[in-house]
Structures are given as C-alpha cells and as structure tokens.
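Visitor: Just dropping this structure here.
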Amino acid sequence: MNVSSAVVRAFGLAKTHGQGQSRVHAVDEVDLEVPQGQTLAVMGPSGCGKSTLLHLLGGLERPTGGEVWVAGRRIDTLSERALARLRRQSVGFIFQAFHLVEELSAADNVELPALLAGRSRRQARRRASLLLERVGLADRARHLPSQLSGGQRQRIAIARALANEPLVVLADEPTGNLDTSATLDVLRIFEDLRAAGQTLVVVTHDERVAATADRLIAMRDGMFVDDTRLAGSHPRGLGGLIGLEG
C-alpha cells in the first residue's frame with residue numbers, strides 16, 4: 001500500500017478500560033491503514049471493540065496507547081479545540097441511532113455541520129439542497145425527524161455526514177435499526193459513494209453492508225483476526241445482496 005495515499009492510519013492503537021484484574025482491552029495494539037477511496041468494513045461479535053475502534057479513528061475517544069493519523073495529521077495529541085476543528089473539516093459520522101437534532105428540519109440538520117465549520121448560510125443551504133437530492137429526500141427538506149421513517153432519518157444522517165465534503169466517513173452500524181427496504185436504500189447510497197471515491201470505514205453486523213466493501217477486517221477481543229481484500233467487490237450488485245436475506 002502506498003502510505004502517502006492513506007487517509008486514516010493507526011499504529012499500535014490501544015484502548016483499555018479499568019485497572020488490575022478488571023482491565024479490559026477494548027482495542028489491543030492494532031495497526032491500520034485506509035487508503036483514499038477505499039471502503040473498509042469491520043465485523044465481529046458484540047463487545048469485540050469495533051465501535052471503540054471507530055471512535056478512536058474519528059477522535060471521539062482518546063487512545064490509551066499508540067497513534068492515530070487522519071489526513072496526514074496525528075490527532076491523538078491534538079487539543080480538544082483542534083480535534084473538534086479537524087472532525088468538522090475532515091470526518092463525517094453516521095450512527096445507528098441517527099443523532100439528528102429533533103427540533104430542526106431535515107434541511108437544517110444537513111446544513112448544521114457546514115454552519116459550524118464557518119460556511120455562510122447560503123453556501124450551507126446550497127450544499128444541503130444538493131445532498132438531499134442525492135439521497136432522494138429533496139421533497140422532505142422541511143420535515144422534522146419525527147415525521148420521517150427510520151430509513152429516511154438515516155439517509156438524512158448520511159447527507160449530514162457529507163456536508164463538509166469529508167475525507168473519510170465513519171459509519172457505526174448504519175443499518176442496525178432499519179428494515180430490509182431501508183437497508184437497501186442505504187446500501188445504494190454507499191455504492192454511489194464508493195463509486196465516487198469516498199473513503200468509508202463501516203462497522204457492521206450486516207453481511208449485506210460488508211459485501212459492498214473493498215476490504216473486510218474481522219475483530220475479536222480487541223484485535224484484528226482477519227484482513228481480507230474483497231476482489232471485485234460485490235460483483236452481483238444489489239440483486240445479489242438481497243439474496244443474503246434468506
């Protein structure tokens with residue numbers, strides 16, 4: 001791998017909780033490089049450390065050991081203020097629980113990251129309008145989250161994650177709360193993002209999501225136990241992914 005092309009890198013990355021006999025290695029000294037344009041899926045049983053890994057890569061948690069680099073900057077040593085600025089500029093987050101602001105419309109939710117990053121309201125609105133069109137929800141722009149289905153909420157959350165044109169999007173169980181139809185809508189968006197060269201790291205239990213990736217890492221007990229290149233990447237398309245339901 002060409003290291004210079006890596007958007008996300010980690011060296012000896014570790015996160016422990018507790019002390020003594022109760023000490024738990026949530027992430028146990030892992031190394032990782034995610035090159036620009038790659039879609040990486042991380043799978044493993046509940047409690048294996050995959051969500052913690054994602055939070056460390058995005059600067060939502062601080063490691064207890066090792067290094068994390070995003071867009072050529074080491075982030076685990078940054079101040080909270082500098083880390084927040086880097087997250088706004090370079091990282092998009094998608095969560096299982098959506099984390100939309102319930103008092104804001106769909107469009108306002110998508111605009112918010114751009115406004116926080118210092119863009120003008122006009123710029124933020126233009127970007128939000130394009131993204132809502134991209135995720136197929138331009139006609140829901142003025143709806144509150146409570147007026148949307150789970151799948152629509154997640155598509156709004158994806159649009160919000162893309163508001164500042166991040167170098168990497170980190171998704172934590174993005175289809176965990178969705179039915180089959182909504183999941184397929186999200187998978188189509190992920191396929192489009194992959195085709196457009198967006199770097200994605202997706203933590204998932206869902207084989208359909210993993211099947212859209214270029215690469216699959218399996219985790220257990222805080223460690224990587226397998227790292228597989230998915231040559232050809234979901235050659236059957238979404239029709240084949242539907243078959244994984246049965």
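Within each chain, counting starts at residue 1; across the structure tokens, chains are named A, B, ... in the order shown, with ligands numbered 1 upward in that order.
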Per residue of segment 24-55 of chain A within 12 Å of segment 170-190 of chain A, what are the shortest atom pair and its distance in Å to one decimal, counting only C-alpha atoms, with rows by chain and residue number, as a tab-separated table?
Guide:
```
residue	atom	partner	partner_atom	distance
A:Val34	CA	A:Leu170	CA	11.6
A:Gln38	CA	A:Phe190	CA	11.6
A:Thr39	CA	A:Phe190	CA	8.9
A:Leu40	CA	A:Leu170	CA	9.7
A:Ala41	CA	A:Ala171	CA	9.4
A:Val42	CA	A:Asp172	CA	9.6
A:Met43	CA	A:Glu173	CA	9.8
A:Gly44	CA	A:Glu173	CA	11.6
A:Ser46	CA	A:Glu173	CA	11.3
A:Gly49	CA	A:Asp172	CA	11.8
A:Lys50	CA	A:Asp172	CA	8.7
A:Ser51	CA	A:Asp172	CA	6.5
A:Thr52	CA	A:Asp172	CA	9.8
A:Leu53	CA	A:Asp172	CA	10.2
A:Leu54	CA	A:Leu170	CA	6.8
A:His55	CA	A:Leu170	CA	8.6
```
Visitor: Could you build a table of the residues in segment 102-205 of chain A lying no more than 12 Å from segment 79-96 of chain A, giving for each the nearest pair of atoms and their separation in Å rounded to one decimal place, using only C-alpha atoms, ordered by chain and ascending residue number, as CSV?
Guide:
```
residue,atom,partner,partner_atom,distance
A:Val110,CA,A:Gly92,CA,11.6
A:Leu112,CA,A:Arg88,CA,10.5
A:Pro113,CA,A:Arg88,CA,6.8
A:Ala114,CA,A:Arg88,CA,8.1
A:Leu115,CA,A:Arg88,CA,10.1
A:Leu116,CA,A:Arg88,CA,7.7
A:Ala117,CA,A:Arg88,CA,6.1
A:Gly118,CA,A:Arg88,CA,9.9
A:Arg119,CA,A:Gln89,CA,11.1
A:Gly150,CA,A:Gln96,CA,10.1
A:Gly151,CA,A:Gln96,CA,10.8
A:Arg153,CA,A:Gln96,CA,10.3
A:Gln154,CA,A:Ile94,CA,8.0
A:Arg155,CA,A:Ile94,CA,9.6
A:Ile156,CA,A:Ile94,CA,9.8
A:Ala157,CA,A:Ile94,CA,6.2
A:Ile158,CA,A:Ile94,CA,6.1
A:Ala159,CA,A:Ile94,CA,9.4
A:Arg160,CA,A:Gly92,CA,7.9
A:Ala161,CA,A:Gly92,CA,4.3
A:Leu162,CA,A:Gly92,CA,6.1
A:Ala163,CA,A:Gly92,CA,8.1
A:Asn164,CA,A:Gln89,CA,6.1
A:Glu165,CA,A:Ser90,CA,7.4
A:Pro166,CA,A:Ser90,CA,4.3
A:Leu167,CA,A:Ser90,CA,5.1
A:Val168,CA,A:Val91,CA,5.2
A:Val169,CA,A:Gly92,CA,4.5
A:Leu170,CA,A:Phe93,CA,5.0
A:Ala171,CA,A:Ile94,CA,4.5
A:Asp172,CA,A:Phe95,CA,5.0
A:Glu173,CA,A:Gln96,CA,5.1
A:Pro174,CA,A:Gln96,CA,4.8
A:Thr175,CA,A:Gln96,CA,6.6
A:Gly176,CA,A:Gln96,CA,5.8
A:Asn177,CA,A:Gln96,CA,6.4
A:Leu178,CA,A:Gln96,CA,9.0
A:Thr183,CA,A:Gln96,CA,11.7
A:Val186,CA,A:Ile94,CA,11.3
A:Phe190,CA,A:Ile94,CA,11.7
A:Gln198,CA,A:Gly92,CA,10.8
A:Thr199,CA,A:Val91,CA,10.0
A:Leu200,CA,A:Gly92,CA,9.4
A:Val201,CA,A:Phe93,CA,9.9
A:Val202,CA,A:Ile94,CA,9.0
A:Val203,CA,A:Phe95,CA,9.8
A:Thr204,CA,A:Gln96,CA,9.7
A:His205,CA,A:Gln96,CA,11.5
```
Visitor: Include C-alpha atoms and write out the residues we just selected as a PDB file, in the first residue's frame.
Guide:
```pdb
ATOM      1  CA  VAL A 110     -27.853  18.774   6.947  1.00  0.00           C
ATOM      2  CA  LEU A 112     -25.666  22.431  10.577  1.00  0.00           C
ATOM      3  CA  PRO A 113     -22.154  20.964  10.111  1.00  0.00           C
ATOM      4  CA  ALA A 114     -21.368  23.457   7.351  1.00  0.00           C
ATOM      5  CA  LEU A 115     -22.520  26.368   9.502  1.00  0.00           C
ATOM      6  CA  LEU A 116     -20.425  25.119  12.426  1.00  0.00           C
ATOM      7  CA  ALA A 117     -17.432  24.923  10.077  1.00  0.00           C
ATOM      8  CA  GLY A 118     -17.847  28.590   9.178  1.00  0.00           C
ATOM      9  CA  ARG A 119     -19.608  28.437   5.835  1.00  0.00           C
ATOM     10  CA  GLY A 150     -36.150   5.235  10.104  1.00  0.00           C
ATOM     11  CA  GLY A 151     -34.708   4.791   6.638  1.00  0.00           C
ATOM     12  CA  ARG A 153     -33.721   9.525   9.009  1.00  0.00           C
ATOM     13  CA  GLN A 154     -30.625   7.515   8.185  1.00  0.00           C
ATOM     14  CA  ARG A 155     -30.453   8.998   4.697  1.00  0.00           C
ATOM     15  CA  ILE A 156     -30.657  12.469   6.258  1.00  0.00           C
ATOM     16  CA  ALA A 157     -27.859  11.458   8.622  1.00  0.00           C
ATOM     17  CA  ILE A 158     -25.754  10.341   5.644  1.00  0.00           C
ATOM     18  CA  ALA A 159     -26.379  13.664   3.907  1.00  0.00           C
ATOM     19  CA  ARG A 160     -25.348  15.475   7.090  1.00  0.00           C
ATOM     20  CA  ALA A 161     -22.143  13.419   7.294  1.00  0.00           C
ATOM     21  CA  LEU A 162     -21.252  14.595   3.780  1.00  0.00           C
ATOM     22  CA  ALA A 163     -21.997  18.275   4.389  1.00  0.00           C
ATOM     23  CA  ASN A 164     -18.374  19.366   4.650  1.00  0.00           C
ATOM     24  CA  GLU A 165     -17.062  17.015   1.939  1.00  0.00           C
ATOM     25  CA  PRO A 166     -15.106  14.929   4.475  1.00  0.00           C
ATOM     26  CA  LEU A 167     -12.036  12.966   3.519  1.00  0.00           C
ATOM     27  CA  VAL A 168     -13.408   9.965   5.414  1.00  0.00           C
ATOM     28  CA  VAL A 169     -16.872   8.891   6.532  1.00  0.00           C
ATOM     29  CA  LEU A 170     -17.091   6.656   9.620  1.00  0.00           C
ATOM     30  CA  ALA A 171     -20.324   4.676   9.975  1.00  0.00           C
ATOM     31  CA  ASP A 172     -21.260   2.755  13.123  1.00  0.00           C
ATOM     32  CA  GLU A 173     -23.920   0.069  12.426  1.00  0.00           C
ATOM     33  CA  PRO A 174     -25.647   2.328   9.855  1.00  0.00           C
ATOM     34  CA  THR A 175     -28.354  -0.238   9.060  1.00  0.00           C
ATOM     35  CA  GLY A 176     -28.799  -1.635  12.562  1.00  0.00           C
ATOM     36  CA  ASN A 177     -32.229  -0.037  13.086  1.00  0.00           C
ATOM     37  CA  LEU A 178     -33.530  -0.409   9.524  1.00  0.00           C
ATOM     38  CA  THR A 183     -31.245  -1.035   4.309  1.00  0.00           C
ATOM     39  CA  VAL A 186     -28.658   2.935   2.347  1.00  0.00           C
ATOM     40  CA  PHE A 190     -22.907   3.584  -0.059  1.00  0.00           C
ATOM     41  CA  GLN A 198     -15.369   8.496  -0.978  1.00  0.00           C
ATOM     42  CA  THR A 199     -13.303   6.834   1.750  1.00  0.00           C
ATOM     43  CA  LEU A 200     -15.575   4.847   4.074  1.00  0.00           C
ATOM     44  CA  VAL A 201     -14.993   2.854   7.249  1.00  0.00           C
ATOM     45  CA  VAL A 202     -18.124   0.945   8.255  1.00  0.00           C
ATOM     46  CA  VAL A 203     -18.620  -1.057  11.451  1.00  0.00           C
ATOM     47  CA  THR A 204     -21.422  -3.569  10.936  1.00  0.00           C
ATOM     48  CA  HIS A 205     -23.019  -6.877  11.859  1.00  0.00           C
TER      49      HIS A 205
END
```
Visitor: Find the spatial neighbours of Met223 of chain A, counting only C-alpha atoms, within a cut-off of 10 Å - ignore same-chain residues fewer than 5 positions away - and output them as a list in words.
Guide: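 Returned residues: Ala14, His25, Ala26, Val27, Asp28, Glu29, Val30, Asp31, Cys48, Gly49, Lys50, Leu53, Ile217 and Ala218 of chain A.
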Visitor: Mind giving me the straight-line distance from atom CA of Ala195 of chain A to atom CA of Asp214 of chain A in Å, one decimal?
Guide: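 Rounded to one decimal, the two atoms are 11.1 Å apart.
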Visitor: Determine, counting only C-alpha atoms, which protein, DNA and RNA residues have an atom within 7 Å of an atom of His143 of chain A; residues of the same chain fewer than 3 positions away are not included. Present the result as a ChimeraX atom specification.
Guide: /A:105-106,140,147
Visitor: Of the candidates A:Glu111, A:Leu216, A:Phe224, A:Leu148, which one gets nearest to Leu13 of chain A if we count only C-alpha atoms?
Guide: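 Selected residue with least distance to Leu13 of chain A: A:Phe224.
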Visitor: Residues of segment 14-92 of chain A in strand (DSSP E or B) according to DSSP, as an NGL selection string?
Guide: :A and (14-17 or 24-35 or 39-43 or 65-70 or 73-74 or 91-92)
Visitor: Could you write out that same residue set with N, CA and C atoms as a PDB file, in the first residue's frame?
Guide:
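Output contents, as saved in selection.pdb:
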```pdb
ATOM      1  N   ALA A  14      -4.393   1.412  20.947  1.00  0.00           N
ATOM      2  CA  ALA A  14      -4.915   0.658  22.088  1.00  0.00           C
ATOM      3  C   ALA A  14      -5.873   1.513  22.898  1.00  0.00           C
ATOM      4  N   LYS A  15      -6.884   0.831  23.456  1.00  0.00           N
ATOM      5  CA  LYS A  15      -7.812   1.467  24.388  1.00  0.00           C
ATOM      6  C   LYS A  15      -8.166   0.459  25.461  1.00  0.00           C
ATOM      7  N   THR A  16      -7.850   0.800  26.705  1.00  0.00           N
ATOM      8  CA  THR A  16      -8.161  -0.074  27.822  1.00  0.00           C
ATOM      9  C   THR A  16      -9.139   0.610  28.763  1.00  0.00           C
ATOM     10  N   HIS A  17      -9.937  -0.205  29.444  1.00  0.00           N
ATOM     11  CA  HIS A  17     -10.865   0.281  30.449  1.00  0.00           C
ATOM     12  C   HIS A  17     -10.604  -0.462  31.752  1.00  0.00           C
ATOM     13  N   VAL A  24      -9.847  -4.227  30.803  1.00  0.00           N
ATOM     14  CA  VAL A  24     -10.355  -4.763  29.541  1.00  0.00           C
ATOM     15  C   VAL A  24      -9.665  -4.063  28.387  1.00  0.00           C
ATOM     16  N   HIS A  25      -9.143  -4.841  27.446  1.00  0.00           N
ATOM     17  CA  HIS A  25      -8.503  -4.286  26.251  1.00  0.00           C
ATOM     18  C   HIS A  25      -9.560  -4.174  25.151  1.00  0.00           C
ATOM     19  N   ALA A  26     -10.215  -3.009  25.063  1.00  0.00           N
ATOM     20  CA  ALA A  26     -11.245  -2.822  24.050  1.00  0.00           C
ATOM     21  C   ALA A  26     -10.648  -2.834  22.650  1.00  0.00           C
ATOM     22  N   VAL A  27      -9.484  -2.193  22.493  1.00  0.00           N
ATOM     23  CA  VAL A  27      -8.697  -2.249  21.260  1.00  0.00           C
ATOM     24  C   VAL A  27      -7.264  -2.553  21.681  1.00  0.00           C
ATOM     25  N   ASP A  28      -6.688  -3.583  21.095  1.00  0.00           N
ATOM     26  CA  ASP A  28      -5.437  -4.141  21.620  1.00  0.00           C
ATOM     27  C   ASP A  28      -4.291  -4.012  20.627  1.00  0.00           C
ATOM     28  N   GLU A  29      -3.704  -2.823  20.574  1.00  0.00           N
ATOM     29  CA  GLU A  29      -2.479  -2.560  19.805  1.00  0.00           C
ATOM     30  C   GLU A  29      -2.605  -2.988  18.345  1.00  0.00           C
ATOM     31  N   VAL A  30      -3.555  -2.376  17.641  1.00  0.00           N
ATOM     32  CA  VAL A  30      -3.763  -2.710  16.235  1.00  0.00           C
ATOM     33  C   VAL A  30      -3.103  -1.679  15.324  1.00  0.00           C
ATOM     34  N   ASP A  31      -2.714  -2.125  14.149  1.00  0.00           N
ATOM     35  CA  ASP A  31      -2.181  -1.267  13.095  1.00  0.00           C
ATOM     36  C   ASP A  31      -3.182  -1.256  11.940  1.00  0.00           C
ATOM     37  N   LEU A  32      -3.354  -0.089  11.324  1.00  0.00           N
ATOM     38  CA  LEU A  32      -4.354   0.025  10.255  1.00  0.00           C
ATOM     39  C   LEU A  32      -3.986   1.154   9.314  1.00  0.00           C
ATOM     40  N   GLU A  33      -4.186   0.914   8.015  1.00  0.00           N
ATOM     41  CA  GLU A  33      -4.071   1.966   7.013  1.00  0.00           C
ATOM     42  C   GLU A  33      -5.268   1.852   6.065  1.00  0.00           C
ATOM     43  N   VAL A  34      -5.948   2.957   5.861  1.00  0.00           N
ATOM     44  CA  VAL A  34      -7.090   3.004   4.945  1.00  0.00           C
ATOM     45  C   VAL A  34      -6.763   4.007   3.853  1.00  0.00           C
ATOM     46  N   PRO A  35      -6.475   3.556   2.642  1.00  0.00           N
ATOM     47  CA  PRO A  35      -6.111   4.470   1.566  1.00  0.00           C
ATOM     48  C   PRO A  35      -7.312   5.246   1.041  1.00  0.00           C
ATOM     49  N   THR A  39     -13.395   1.468   0.647  1.00  0.00           N
ATOM     50  CA  THR A  39     -14.475   1.180   1.583  1.00  0.00           C
ATOM     51  C   THR A  39     -14.053  -0.015   2.418  1.00  0.00           C
ATOM     52  N   LEU A  40     -13.896   0.199   3.715  1.00  0.00           N
ATOM     53  CA  LEU A  40     -13.470  -0.837   4.648  1.00  0.00           C
ATOM     54  C   LEU A  40     -14.633  -1.187   5.565  1.00  0.00           C
ATOM     55  N   ALA A  41     -14.962  -2.467   5.665  1.00  0.00           N
ATOM     56  CA  ALA A  41     -15.952  -2.940   6.619  1.00  0.00           C
ATOM     57  C   ALA A  41     -15.244  -3.646   7.761  1.00  0.00           C
ATOM     58  N   VAL A  42     -15.710  -3.404   8.982  1.00  0.00           N
ATOM     59  CA  VAL A  42     -15.169  -4.063  10.175  1.00  0.00           C
ATOM     60  C   VAL A  42     -16.310  -4.835  10.823  1.00  0.00           C
ATOM     61  N   MET A  43     -16.107  -6.158  10.975  1.00  0.00           N
ATOM     62  CA  MET A  43     -17.133  -7.011  11.557  1.00  0.00           C
ATOM     63  C   MET A  43     -16.570  -7.759  12.764  1.00  0.00           C
ATOM     64  N   GLY A  65      -2.994   4.142  24.134  1.00  0.00           N
ATOM     65  CA  GLY A  65      -1.691   3.832  23.563  1.00  0.00           C
ATOM     66  C   GLY A  65      -1.735   3.925  22.055  1.00  0.00           C
ATOM     67  N   GLY A  66      -0.566   4.146  21.449  1.00  0.00           N
ATOM     68  CA  GLY A  66      -0.465   4.191  20.002  1.00  0.00           C
ATOM     69  C   GLY A  66      -0.773   5.554  19.415  1.00  0.00           C
ATOM     70  N   GLU A  67      -0.909   5.578  18.098  1.00  0.00           N
ATOM     71  CA  GLU A  67      -1.109   6.822  17.354  1.00  0.00           C
ATOM     72  C   GLU A  67      -2.268   6.677  16.370  1.00  0.00           C
ATOM     73  N   VAL A  68      -2.943   7.812  16.122  1.00  0.00           N
ATOM     74  CA  VAL A  68      -3.980   7.887  15.086  1.00  0.00           C
ATOM     75  C   VAL A  68      -3.670   9.084  14.194  1.00  0.00           C
ATOM     76  N   TRP A  69      -3.680   8.846  12.884  1.00  0.00           N
ATOM     77  CA  TRP A  69      -3.442   9.902  11.903  1.00  0.00           C
ATOM     78  C   TRP A  69      -4.631   9.994  10.960  1.00  0.00           C
ATOM     79  N   VAL A  70      -5.098  11.203  10.727  1.00  0.00           N
ATOM     80  CA  VAL A  70      -6.177  11.456   9.783  1.00  0.00           C
ATOM     81  C   VAL A  70      -5.746  12.589   8.865  1.00  0.00           C
ATOM     82  N   ARG A  73      -2.409  14.214   9.635  1.00  0.00           N
ATOM     83  CA  ARG A  73      -2.197  14.840  10.937  1.00  0.00           C
ATOM     84  C   ARG A  73      -2.401  13.825  12.045  1.00  0.00           C
ATOM     85  N   ARG A  74      -1.498  13.840  13.004  1.00  0.00           N
ATOM     86  CA  ARG A  74      -1.679  12.979  14.160  1.00  0.00           C
ATOM     87  C   ARG A  74      -2.728  13.610  15.068  1.00  0.00           C
ATOM     88  N   VAL A  91     -13.884  14.683   8.775  1.00  0.00           N
ATOM     89  CA  VAL A  91     -14.512  13.415   9.152  1.00  0.00           C
ATOM     90  C   VAL A  91     -16.027  13.583   9.184  1.00  0.00           C
ATOM     91  N   GLY A  92     -16.739  12.638   8.561  1.00  0.00           N
ATOM     92  CA  GLY A  92     -18.195  12.582   8.668  1.00  0.00           C
ATOM     93  C   GLY A  92     -18.589  11.354   9.467  1.00  0.00           C
TER      94      GLY A  92
END
```
Visitor: How would you write, as JSON, numbers by chain, the set of residues in segment 15-195 of chain A that DSSP gives as alpha helix (DSSP H)?
Guide: {"A": [50, 51, 52, 53, 54, 55, 56, 57, 80, 81, 82, 83, 84, 85, 86, 87, 88, 89, 90, 106, 107, 108, 109, 110, 111, 112, 113, 114, 115, 116, 121, 122, 123, 124, 125, 126, 127, 128, 129, 130, 131, 132, 133, 134, 150, 151, 152, 153, 154, 155, 156, 157, 158, 159, 160, 161, 180, 181, 182, 183, 184, 185, 186, 187, 188, 189, 190, 191, 192, 193, 194, 195]}
Visitor: Rounded to one decimal place, report the atom CA of Ala211 of chain A-atom CA of Asp227 of chain A distance in Å.
Guide: 14.0 Å
Visitor: Atom CA of Leu57 of chain A and atom CA of Ala124 of chain A, how far apart in Å?
Guide: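 It comes out at 26.2 Å.
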Visitor: Nearest to Arg194 of chain A among A:Gln36, A:Ser120, A:Leu104, A:Gly59, with distances taken over only C-alpha atoms: which residue is it?
Guide: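 Of all the options, A:Gln36 lies closest to Arg194 of chain A.
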